[in-house]
file input-v3.pdb (PDB, C-alpha atoms)
ATOM      1  CA  MET A   1      78.218 102.922  77.068
ATOM      2  CA  GLU A   2      76.611  99.667  76.008
ATOM      3  CA  LEU A   3      76.476  96.419  77.944
ATOM      4  CA  THR A   4      76.079  92.932  76.580
ATOM      5  CA  TYR A   5      75.852  89.753  78.594
ATOM      6  CA  ARG A   6      76.544  86.107  77.986
ATOM      7  CA  PRO A   7      76.411  83.109  80.286
ATOM      8  CA  GLY A   8      79.533  81.683  81.932
ATOM      9  CA  ASN A   9      80.389  78.003  82.350
ATOM     10  CA  LYS A  10      78.027  77.530  85.299
ATOM     11  CA  GLY A  11      74.643  78.921  86.256
ATOM     12  CA  ASP A  12      76.011  81.399  88.778
ATOM     13  CA  GLN A  13      78.484  82.917  86.301
ATOM     14  CA  VAL A  14      78.012  85.686  83.780
ATOM     15  CA  VAL A  15      80.251  87.552  81.346
ATOM     16  CA  VAL A  16      79.594  91.266  80.991
ATOM     17  CA  VAL A  17      81.019  93.142  78.019
ATOM     18  CA  PRO A  18      80.962  96.925  78.444
ATOM     19  CA  SER A  19      81.618  98.936  75.324
ATOM     20  CA  GLY A  20      82.649 102.584  75.453
ATOM     21  CA  ASP A  21      83.907 104.924  78.137
ATOM     22  CA  ILE A  22      83.208 104.285  81.823
ATOM     23  CA  ASP A  23      83.399 107.889  82.926
ATOM     24  CA  LEU A  24      81.567 110.402  85.105
ATOM     25  CA  TYR A  25      78.674 110.447  82.644
ATOM     26  CA  ALA A  26      78.211 106.677  82.331
ATOM     27  CA  SER A  27      79.482 105.161  85.562
ATOM     28  CA  VAL A  28      76.265 105.308  87.609
ATOM     29  CA  ALA A  29      74.143 103.624  84.924
ATOM     30  CA  PHE A  30      76.901 101.051  84.378
ATOM     31  CA  CYS A  31      77.095 100.288  88.096
ATOM     32  CA  ASN A  32      73.335 100.016  88.599
ATOM     33  CA  ALA A  33      72.874  97.731  85.597
ATOM     34  CA  VAL A  34      75.689  95.406  86.601
ATOM     35  CA  ILE A  35      74.606  95.263  90.247
ATOM     36  CA  ALA A  36      71.131  94.226  89.070
ATOM     37  CA  ARG A  37      72.765  91.410  87.115
ATOM     38  CA  LEU A  38      74.826  90.350  90.163
ATOM     39  CA  GLU A  39      71.662  90.225  92.237
ATOM     40  CA  SER A  40      69.810  88.149  89.669
ATOM     41  CA  GLY A  41      71.616  84.949  90.654
ATOM     42  CA  THR A  42      74.949  85.419  88.917
ATOM     43  CA  PRO A  43      77.350  86.779  91.575
ATOM     44  CA  LYS A  44      80.400  85.379  89.762
ATOM     45  CA  MET A  45      81.099  87.863  87.018
ATOM     46  CA  VAL A  46      83.783  88.404  84.418
ATOM     47  CA  LEU A  47      84.048  91.917  83.027
ATOM     48  CA  ASP A  48      85.455  91.743  79.515
ATOM     49  CA  PHE A  49      87.279  95.066  79.044
ATOM     50  CA  THR A  50      88.180  94.504  75.391
ATOM     51  CA  ALA A  51      86.112  97.504  74.285
ATOM     52  CA  VAL A  52      86.756  99.848  77.223
ATOM     53  CA  ARG A  53      89.259 102.538  76.280
ATOM     54  CA  TYR A  54      88.635 105.075  79.045
ATOM     55  CA  LEU A  55      88.085 104.688  82.767
ATOM     56  CA  ASP A  56      88.040 107.577  85.210
ATOM     57  CA  SER A  57      87.689 107.817  88.991
ATOM     58  CA  SER A  58      83.892 107.568  88.737
ATOM     59  CA  GLY A  59      84.305 104.317  86.831
ATOM     60  CA  VAL A  60      86.828 103.054  89.366
ATOM     61  CA  GLY A  61      84.327 103.906  92.109
ATOM     62  CA  ALA A  62      81.700 101.881  90.259
ATOM     63  CA  LEU A  63      84.065  98.909  90.097
ATOM     64  CA  ILE A  64      84.717  99.176  93.841
ATOM     65  CA  ARG A  65      80.974  99.086  94.510
ATOM     66  CA  LEU A  66      80.656  96.011  92.299
ATOM     67  CA  VAL A  67      83.378  94.212  94.265
ATOM     68  CA  GLN A  68      81.680  95.132  97.544
ATOM     69  CA  LYS A  69      78.292  93.931  96.271
ATOM     70  CA  ALA A  70      79.687  90.678  94.876
ATOM     71  CA  LYS A  71      81.352  90.004  98.201
ATOM     72  CA  THR A  72      78.073  90.370 100.097
ATOM     73  CA  LEU A  73      76.512  87.900  97.644
ATOM     74  CA  GLY A  74      79.319  85.362  98.026
ATOM     75  CA  GLY A  75      80.556  86.064  94.520
ATOM     76  CA  GLU A  76      83.521  87.664  92.810
ATOM     77  CA  ILE A  77      84.326  90.095  90.019
ATOM     78  CA  ARG A  78      87.136  89.277  87.603
ATOM     79  CA  ILE A  79      88.436  91.373  84.736
ATOM     80  CA  ALA A  80      89.648  90.051  81.394
ATOM     81  CA  LYS A  81      91.459  91.846  78.570
ATOM     82  CA  LEU A  82      92.448  94.799  80.697
ATOM     83  CA  GLY A  83      94.849  97.207  79.022
ATOM     84  CA  GLY A  84      95.684 100.796  78.145
ATOM     85  CA  THR A  85      94.386 103.642  80.272
ATOM     86  CA  PRO A  86      91.899 101.518  82.271
ATOM     87  CA  ARG A  87      94.747  99.277  83.467
ATOM     88  CA  LYS A  88      96.968 102.243  84.327
ATOM     89  CA  VAL A  89      94.182 103.978  86.270
ATOM     90  CA  LEU A  90      93.417 100.814  88.249
ATOM     91  CA  GLU A  91      97.120 100.383  88.985
ATOM     92  CA  MET A  92      97.677 103.995  90.049
ATOM     93  CA  SER A  93      94.738 103.828  92.453
ATOM     94  CA  ASN A  94      95.842 100.371  93.737
ATOM     95  CA  ILE A  95      92.342  99.101  92.995
ATOM     96  CA  ILE A  96      93.736  96.444  90.683
ATOM     97  CA  THR A  97      94.622  94.493  93.847
ATOM     98  CA  LEU A  98      90.897  93.830  94.362
ATOM     99  CA  PHE A  99      90.593  91.866  91.123
ATOM    100  CA  LYS A 100      91.886  88.728  89.554
ATOM    101  CA  VAL A 101      92.936  89.948  86.118
ATOM    102  CA  SER A 102      92.994  87.385  83.312
ATOM    103  CA  PRO A 103      94.353  87.597  79.778
ATOM    104  CA  ASP A 104      91.022  86.427  78.363
ATOM    105  CA  VAL A 105      87.501  85.500  79.398
ATOM    106  CA  GLU A 106      87.974  81.775  79.000
ATOM    107  CA  THR A 107      90.893  81.742  81.434
ATOM    108  CA  ALA A 108      88.895  83.757  83.958
ATOM    109  CA  LEU A 109      85.991  81.330  83.789
ATOM    110  CA  LYS A 110      88.094  78.187  83.677
ATOM    111  CA  THR A 111      89.941  78.930  86.917
ATOM    112  CA  TRP A 112      86.751  79.304  88.931
ATOM    113  CA  SER A 113      86.314  76.403  91.315
TER     114      SER A 113
ATOM    115  CA  MET B   1     112.011  91.897 105.042
ATOM    116  CA  LYS B   2     109.085  94.085 104.042
ATOM    117  CA  PRO B   3     109.795  96.988 101.692
ATOM    118  CA  LEU B   4     110.016 100.501 103.123
ATOM    119  CA  PHE B   5     106.535 101.873 103.822
ATOM    120  CA  ILE B   6     106.148 105.419 102.505
ATOM    121  CA  VAL B   7     102.775 107.145 102.133
ATOM    122  CA  ARG B   8     102.526 110.211  99.952
ATOM    123  CA  LYS B   9     100.230 113.029 100.965
ATOM    124  CA  LEU B  10      98.643 116.182  99.679
ATOM    125  CA  ILE B  11     100.762 119.229 100.438
ATOM    126  CA  VAL B  12      99.840 122.874 100.965
ATOM    127  CA  ASP B  13     102.525 125.381  99.983
ATOM    128  CA  ASP B  14     101.522 128.813  98.766
ATOM    129  CA  ARG B  15     105.054 129.703  97.716
ATOM    130  CA  ASN B  16     105.741 126.570  95.729
ATOM    131  CA  GLU B  17     107.278 127.081  92.282
ATOM    132  CA  LEU B  18     104.422 125.079  90.743
ATOM    133  CA  PHE B  19     102.311 128.225  91.136
ATOM    134  CA  ASP B  20     104.658 130.325  89.016
ATOM    135  CA  ALA B  21     102.520 130.825  85.899
ATOM    136  CA  GLN B  22     105.152 132.695  83.896
ATOM    137  CA  GLY B  23     105.170 131.486  80.301
ATOM    138  CA  MET B  24     102.038 129.404  80.758
ATOM    139  CA  ARG B  25      98.890 129.796  78.677
ATOM    140  CA  LEU B  26      95.591 130.521  80.393
ATOM    141  CA  VAL B  27      92.059 129.455  79.550
ATOM    142  CA  GLU B  28      88.879 130.030  81.532
ATOM    143  CA  TYR B  29      85.710 127.938  81.477
ATOM    144  CA  PRO B  30      82.266 128.151  83.078
ATOM    145  CA  SER B  31      81.412 125.421  85.590
ATOM    146  CA  ASP B  32      79.535 123.103  83.255
ATOM    147  CA  LEU B  33      79.994 119.537  84.495
ATOM    148  CA  SER B  34      78.726 118.126  81.207
ATOM    149  CA  LYS B  35      81.747 119.655  79.436
ATOM    150  CA  VAL B  36      84.587 118.433  81.644
ATOM    151  CA  ARG B  37      86.099 116.138  79.033
ATOM    152  CA  GLN B  38      85.503 118.670  76.277
ATOM    153  CA  TYR B  39      87.483 121.272  78.215
ATOM    154  CA  ALA B  40      90.340 118.831  78.767
ATOM    155  CA  THR B  41      90.393 117.935  75.077
ATOM    156  CA  GLU B  42      90.508 121.606  74.109
ATOM    157  CA  VAL B  43      93.425 122.324  76.436
ATOM    158  CA  LEU B  44      95.355 119.329  75.100
ATOM    159  CA  LYS B  45      94.858 120.160  71.430
ATOM    160  CA  GLY B  46      98.276 119.921  69.751
ATOM    161  CA  CYS B  47      99.896 118.154  72.701
ATOM    162  CA  SER B  48     102.633 115.635  71.853
ATOM    163  CA  PRO B  49     101.331 112.038  71.627
ATOM    164  CA  LYS B  50     104.209 111.047  73.899
ATOM    165  CA  PHE B  51     102.703 113.174  76.652
ATOM    166  CA  LEU B  52      99.142 112.077  75.923
ATOM    167  CA  GLU B  53      99.903 108.384  76.632
ATOM    168  CA  GLU B  54      96.807 107.399  74.637
ATOM    169  CA  ASN B  55      94.152 109.179  76.729
ATOM    170  CA  LEU B  56      95.746 108.979  80.181
ATOM    171  CA  LEU B  57      96.682 112.672  80.278
ATOM    172  CA  GLU B  58      93.159 113.647  79.219
ATOM    173  CA  GLN B  59      91.787 111.438  81.970
ATOM    174  CA  GLN B  60      93.999 112.959  84.654
ATOM    175  CA  LEU B  61      93.397 116.538  83.526
ATOM    176  CA  SER B  62      89.654 115.846  83.410
ATOM    177  CA  GLU B  63      89.809 114.764  87.061
ATOM    178  CA  LEU B  64      91.360 118.086  88.072
ATOM    179  CA  ILE B  65      88.755 120.026  86.086
ATOM    180  CA  LYS B  66      85.900 117.917  87.452
ATOM    181  CA  ASN B  67      87.075 118.462  91.030
ATOM    182  CA  ALA B  68      87.276 122.221  90.429
ATOM    183  CA  ILE B  69      83.822 122.432  88.824
ATOM    184  CA  LYS B  70      81.958 120.025  91.067
ATOM    185  CA  HIS B  71      83.651 120.169  94.456
ATOM    186  CA  GLY B  72      85.163 123.625  94.162
ATOM    187  CA  ASN B  73      82.502 125.646  92.396
ATOM    188  CA  GLY B  74      79.544 123.434  93.298
ATOM    189  CA  SER B  75      78.685 123.289  89.569
ATOM    190  CA  ASP B  76      77.581 126.916  89.779
ATOM    191  CA  PRO B  77      77.605 128.132  86.145
ATOM    192  CA  ALA B  78      78.303 131.667  87.324
ATOM    193  CA  LYS B  79      81.668 130.524  88.677
ATOM    194  CA  THR B  80      84.607 129.779  86.438
ATOM    195  CA  VAL B  81      87.587 127.469  86.383
ATOM    196  CA  ARG B  82      90.937 128.865  85.320
ATOM    197  CA  ILE B  83      93.542 126.572  83.819
ATOM    198  CA  TRP B  84      97.137 127.571  83.173
ATOM    199  CA  PHE B  85      99.050 125.058  81.077
ATOM    200  CA  ASP B  86     102.456 124.398  79.558
ATOM    201  CA  LEU B  87     102.833 121.371  77.285
ATOM    202  CA  ARG B  88     106.361 121.914  76.014
ATOM    203  CA  LYS B  89     109.114 119.890  77.748
ATOM    204  CA  ARG B  90     106.728 118.254  80.223
ATOM    205  CA  VAL B  91     103.100 118.799  81.108
ATOM    206  CA  ARG B  92     102.302 121.333  83.762
ATOM    207  CA  PHE B  93      98.944 122.716  84.925
ATOM    208  CA  ILE B  94      97.536 125.074  87.501
ATOM    209  CA  VAL B  95      93.785 124.663  88.041
ATOM    210  CA  GLU B  96      91.924 127.227  90.109
ATOM    211  CA  ASP B  97      88.274 127.396  91.144
ATOM    212  CA  GLU B  98      86.235 130.009  93.001
ATOM    213  CA  GLY B  99      85.204 127.785  95.880
ATOM    214  CA  ALA B 100      86.011 127.826  99.586
ATOM    215  CA  GLY B 101      88.929 125.442  99.122
ATOM    216  CA  PHE B 102      89.563 121.785  99.913
ATOM    217  CA  THR B 103      88.827 122.074 103.637
ATOM    218  CA  ASN B 104      88.979 118.305 104.175
ATOM    219  CA  LEU B 105      92.561 118.016 102.972
ATOM    220  CA  GLU B 106      93.981 116.829 106.312
ATOM    221  CA  ILE B 107      91.084 114.381 106.724
ATOM    222  CA  TRP B 108      91.841 113.044 103.257
ATOM    223  CA  ASN B 109      95.535 112.615 104.110
ATOM    224  CA  GLU B 110      94.591 110.605 107.197
ATOM    225  CA  PHE B 111      92.152 108.497 105.157
ATOM    226  CA  PHE B 112      94.897 107.808 102.619
ATOM    227  CA  ARG B 113      97.402 106.843 105.329
ATOM    228  CA  LYS B 114      94.948 104.276 106.735
ATOM    229  CA  ARG B 115      94.140 102.992 103.249
ATOM    230  CA  GLN B 116      97.771 102.515 102.307
ATOM    231  CA  THR B 117      98.516 100.907 105.663
ATOM    232  CA  ALA B 118      95.790  98.337 105.003
ATOM    233  CA  LEU B 119      97.287  97.687 101.582
ATOM    234  CA  TYR B 120     100.824  97.377 102.983
ATOM    235  CA  GLU B 121      99.635  94.930 105.601
ATOM    236  CA  GLN B 122      97.663  93.052 102.919
ATOM    237  CA  ASP B 123      94.490  93.447 104.962
ATOM    238  CA  PHE B 124      92.217  93.350 101.928
ATOM    239  CA  ASP B 125      88.971  93.471 103.891
ATOM    240  CA  ALA B 126      90.080  96.754 105.474
ATOM    241  CA  PHE B 127      91.406  97.956 102.138
ATOM    242  CA  LEU B 128      88.066  97.280 100.445
ATOM    243  CA  GLU B 129      86.309  99.322 103.139
ATOM    244  CA  LEU B 130      88.789 102.160 102.585
ATOM    245  CA  ALA B 131      89.025 101.879  98.808
ATOM    246  CA  SER B 132      86.940 105.038  98.198
ATOM    247  CA  TYR B 133      87.137 108.297 100.081
ATOM    248  CA  ARG B 134      83.657 109.432 101.112
ATOM    249  CA  SER B 135      82.738 112.828 102.505
ATOM    250  CA  PRO B 136      79.294 114.156 103.452
ATOM    251  CA  GLN B 137      79.246 115.837 100.040
ATOM    252  CA  SER B 138      80.016 112.669  98.039
ATOM    253  CA  ASP B 139      77.379 111.391  95.652
ATOM    254  CA  GLU B 140      77.106 108.120  93.773
ATOM    255  CA  SER B 141      79.103 109.387  90.802
ATOM    256  CA  ASP B 142      82.065 110.329  93.010
ATOM    257  CA  GLY B 143      84.601 107.565  92.749
ATOM    258  CA  GLY B 144      86.536 108.775  95.783
ATOM    259  CA  ASN B 145      89.888 107.839  94.291
ATOM    260  CA  SER B 146      90.881 110.562  91.817
ATOM    261  CA  LEU B 147      93.447 112.085  94.174
ATOM    262  CA  ILE B 148      94.999 108.703  94.852
ATOM    263  CA  ALA B 149      95.786 108.132  91.189
ATOM    264  CA  ALA B 150      96.757 111.791  90.831
ATOM    265  CA  LEU B 151      99.450 111.527  93.508
ATOM    266  CA  GLU B 152     100.942 108.694  91.495
ATOM    267  CA  TYR B 153     100.487 110.244  88.066
ATOM    268  CA  TRP B 154     101.826 113.773  88.742
ATOM    269  CA  ASN B 155     105.351 112.541  89.347
ATOM    270  CA  GLY B 156     106.892 116.023  89.551
ATOM    271  CA  GLY B 157     104.540 117.253  92.266
ATOM    272  CA  MET B 158     100.967 118.067  93.222
ATOM    273  CA  ILE B 159     100.642 121.086  95.500
ATOM    274  CA  TYR B 160      97.680 123.075  96.862
ATOM    275  CA  ASN B 161      97.762 126.784  97.599
ATOM    276  CA  GLY B 162      97.012 128.129 101.070
ATOM    277  CA  LYS B 163      93.322 128.639 100.352
ATOM    278  CA  ARG B 164      93.254 125.143  98.774
ATOM    279  CA  ASN B 165      91.219 126.259  95.781
ATOM    280  CA  LYS B 166      94.161 126.016  93.416
ATOM    281  CA  VAL B 167      96.318 123.022  92.588
ATOM    282  CA  GLY B 168      99.597 122.949  90.697
ATOM    283  CA  VAL B 169     100.791 119.728  89.069
ATOM    284  CA  VAL B 170     103.581 118.547  86.800
ATOM    285  CA  ARG B 171     104.432 115.281  85.068
ATOM    286  CA  TRP B 172     107.830 114.550  83.638
ATOM    287  CA  PHE B 173     108.549 112.038  80.897
ATOM    288  CA  SER B 174     111.710 110.074  80.282
ATOM    289  CA  ALA B 175     113.705 110.940  77.149
TER     290      ALA B 175
END
call {"tool": "encode", "arguments": {"input": "input-v3.pdb", "output": "structure tokens"}}
result
Amino acid sequence: MELTYRPGNKGDQVVVVPSGDIDLYASVAFCNAVIARLESGTPKMVLDFTAVRYLDSSGVGALIRLVQKAKTLGGEIRIAKLGGTPRKVLEMSNIITLFKVSPDVETALKTWS
Amino acid sequence: MKPLFIVRKLIVDDRNELFDAQGMRLVEYPSDLSKVRQYATEVLKGCSPKFLEENLLEQQLSELIKNAIKHGNGSDPAKTVRIWFDLRKRVRFIVEDEGAGFTNLEIWNEFFRKRQTALYEQDFDAFLELASYRSPQSDESDGGNSLIAALEYWNGGMIYNGKRNKVGVVRWFSA
């Protein structure tokens, strides 16, 4: 699992691009790294799931913790380019209801007030 | 008018036909948490791509194996996980561990009822609080939602035996 970051359209926004599987072996490191980024002044975050092909319950749990953390910081987590197994797993667990899902990163950023 | 509100739940039924292992293949693995996905991949070798649904079947089978190794056997390498499988007309598994059984099953069912009620009532603050099931044994890598997705995924049934250390599941696919 690799993470890359790029700035959003405003100073409190960030785009995070995970690459690889968010599974029981990677989810804790993923969660801790992204929470640190949320706490560093960018609580509005878009997760670009273009390169995520596998998400398990540990990864879903990590995403739930990110939503909870963002909420305490007055921010929000959005997901772009969600498809395949990660989308199905989020749908089956109903967790998709916690996110605004966008077709691409630009749309996710653009619709932020 | 709101749609009908139905909450699924985990069921215990020792005599259920999902525990009939006749004609199923059996493999046995030591409780090595680092090999959960490897075990699932081995079991699914040769499985029809239609059943695999990219890697969704591997993901769901991995959850069952992880639960058996981690929560059932406490990751004790001396304890094994037994997996019966049949991948012919549909996918069917029985996964058994050597643990004391899922003693919190009724607590989990009550958690799930509250969670789904919050969702039905669109109380998203309550839903966020209830999004993950947590028990005293949960650690930070436990997502607390594998059984929720499993109840949805295993569309032909998901049944525990009386001791609750064995689960039988089946998923059907349209023609």
call {"tool": "closest_residue", "arguments": {"input": "input-v3.pdb", "among": "B:Glu140, B:Asp13, B:Asp32, B:Asp20", "to": "B:Lys163", "atoms": "only C-alpha atoms"}}
result
B:Asp13
call {"tool": "resolve_selection", "arguments": {"input": "input-v3.pdb", "expression": "the PyMOL selection byres ((chain B and resi 160) around 8)", "output": "number ranges by chain"}}
result
B: 10-14, 158-159, 161-168
call {"tool": "atom_distance", "arguments": {"input": "input-v3.pdb", "atom1": "atom CA of B:Trp108", "atom2": "atom CA of B:Glu54"}}
result
29.6 Å
call {"tool": "interface_residues", "arguments": {"input": "input-v3.pdb", "of": "chain B", "to": "chain A", "cutoff": "7 Å", "atoms": "only C-alpha atoms", "output": "MDAnalysis selection string"}}
result
chainID B and resid 55:56 59 132 140:146 148:149 152
call {"tool": "resolve_selection", "arguments": {"input": "input-v3.pdb", "expression": "the PyMOL selection byres ((chain B and resi 38-45) around 9)", "output": "count of residues only"}}
result
19
call {"tool": "atom_distance", "arguments": {"input": "input-v3.pdb", "atom1": "atom CA of A:Tyr5", "atom2": "atom CA of A:Leu47"}}
result
9.6 Å
call {"tool": "residues_near_point", "arguments": {"input": "input-v3.pdb", "point": "(87.8, 127.8, 86.7)", "cutoff": "9 Å", "atoms": "all atoms listed in the file", "output": "VMD selection string"}}
result
chain B and resid 27 to 31 65 68 to 69 72 to 73 79 to 83 95 to 98
call {"tool": "closest_residue", "arguments": {"input": "input-v3.pdb", "among": "B:Ala21, B:Tyr153, B:Arg15, B:Asn104", "to": "B:Pro136", "atoms": "only C-alpha atoms"}}
result
B:Asn104
call {"tool": "atom_distance", "arguments": {"input": "input-v3.pdb", "atom1": "atom CA of A:Glu2", "atom2": "atom CA of B:Glu53"}}
result
24.9 Å
call {"tool": "resolve_selection", "arguments": {"input": "input-v3.pdb", "expression": "the PyMOL selection byres ((chain A and resi 77) around 9)", "output": "NGL selection string"}}
result
:A and (43-47 or 63 or 66-67 or 70-71 or 75-76 or 78-79 or 98-100)
call {"tool": "axis_aligned_box", "arguments": {"input": "input-v3.pdb", "around": "stretch 114-119 of chain B", "padding_each_side": "3 Å", "output": "lines of an AutoDock Vina configuration file"}}
result
center_x = 96.3
center_y = 101.0
center_z = 104.2
size_x = 10.4
size_y = 12.6
size_z = 11.2
call {"tool": "residues_around", "arguments": {"input": "input-v3.pdb", "residues": "A:Leu82", "least_positions_apart": "2", "cutoff": "9 Å", "atoms": "only C-alpha atoms", "output": "list in words"}}
result
Asp48, Phe49, Thr50, Val52, Ile79, Ala80, Gly84, Pro86, Arg87, Val101, Ser102, Pro103 and Asp104 of chain A
call {"tool": "residues_around", "arguments": {"input": "input-v3.pdb", "residues": "B:Phe127", "least_positions_apart": "3", "cutoff": "6 Å", "atoms": "only C-alpha atoms", "output": "ChimeraX atom specification"}}
result
/B:115,118-119,124,130-131
call {"tool": "residues_around", "arguments": {"input": "input-v3.pdb", "residues": "A:Thr4", "least_positions_apart": "6", "cutoff": "12 Å", "atoms": "all atoms listed in the file", "output": "JSON list (two decimals) with C-alpha atoms, in the frame of the given file"}}
result
[["chain", "number", "residue", "atom", "x", "y", "z"],
["A", 14, "VAL", "CA", 78.01, 85.69, 83.78],
["A", 15, "VAL", "CA", 80.25, 87.55, 81.35],
["A", 16, "VAL", "CA", 79.59, 91.27, 80.99],
["A", 17, "VAL", "CA", 81.02, 93.14, 78.02],
["A", 18, "PRO", "CA", 80.96, 96.92, 78.44],
["A", 19, "SER", "CA", 81.62, 98.94, 75.32],
["A", 20, "GLY", "CA", 82.65, 102.58, 75.45],
["A", 30, "PHE", "CA", 76.90, 101.05, 84.38],
["A", 33, "ALA", "CA", 72.87, 97.73, 85.60],
["A", 34, "VAL", "CA", 75.69, 95.41, 86.60],
["A", 37, "ARG", "CA", 72.76, 91.41, 87.12],
["A", 46, "VAL", "CA", 83.78, 88.40, 84.42],
["A", 47, "LEU", "CA", 84.05, 91.92, 83.03],
["A", 48, "ASP", "CA", 85.46, 91.74, 79.52],
["A", 49, "PHE", "CA", 87.28, 95.07, 79.04],
["A", 51, "ALA", "CA", 86.11, 97.50, 74.28]]
call {"tool": "decode", "arguments": {"input": "input-v3.pdb", "residues": "stretch 81-118 of chain B", "atoms": "C-alpha atoms", "output": "short mmCIF file (atom, residue, chain, number, x, y, z; two decimals), in the first residue's frame"}}
result
data_model
loop_
_atom_site.label_atom_id
_atom_site.label_comp_id
_atom_site.auth_asym_id
_atom_site.auth_seq_id
_atom_site.Cartn_x
_atom_site.Cartn_y
_atom_site.Cartn_z
CA VAL B 81 -9.08 -24.17 10.51
CA ARG B 82 -11.01 -26.66 8.42
CA ILE B 83 -12.65 -25.55 5.20
CA TRP B 84 -15.07 -27.67 3.20
CA PHE B 85 -15.84 -26.25 -0.22
CA ASP B 86 -17.88 -26.91 -3.35
CA LEU B 87 -17.38 -24.58 -6.32
CA ARG B 88 -19.47 -26.36 -8.93
CA LYS B 89 -22.99 -24.97 -9.52
CA ARG B 90 -22.67 -22.29 -6.83
CA VAL B 91 -20.12 -21.57 -4.15
CA ARG B 92 -20.57 -23.24 -0.81
CA PHE B 93 -18.26 -23.34 2.22
CA ILE B 94 -18.19 -24.68 5.74
CA VAL B 95 -15.49 -23.08 7.91
CA GLU B 96 -14.73 -24.57 11.31
CA ASP B 97 -12.31 -23.46 14.01
CA GLU B 98 -11.28 -24.98 17.34
CA GLY B 99 -12.38 -22.08 19.50
CA ALA B 100 -15.10 -21.70 22.11
CA GLY B 101 -17.59 -20.41 19.55
CA PHE B 102 -19.11 -17.03 18.75
CA THR B 103 -20.54 -16.42 22.22
CA ASN B 104 -21.54 -12.84 21.41
CA LEU B 105 -23.83 -13.84 18.57
CA GLU B 106 -27.04 -12.56 20.21
CA ILE B 107 -25.28 -9.33 21.22
CA TRP B 108 -24.17 -8.91 17.62
CA ASN B 109 -27.72 -9.45 16.35
CA GLU B 110 -28.98 -6.74 18.70
CA PHE B 111 -26.18 -4.40 17.60
CA PHE B 112 -27.11 -5.02 13.96
CA ARG B 113 -30.81 -4.38 14.62
CA LYS B 114 -29.98 -0.99 16.18
CA ARG B 115 -27.58 -0.16 13.36
CA GLN B 116 -30.09 -0.96 10.65
CA THR B 117 -32.81 0.92 12.50
CA ALA B 118 -30.61 4.03 12.52
#
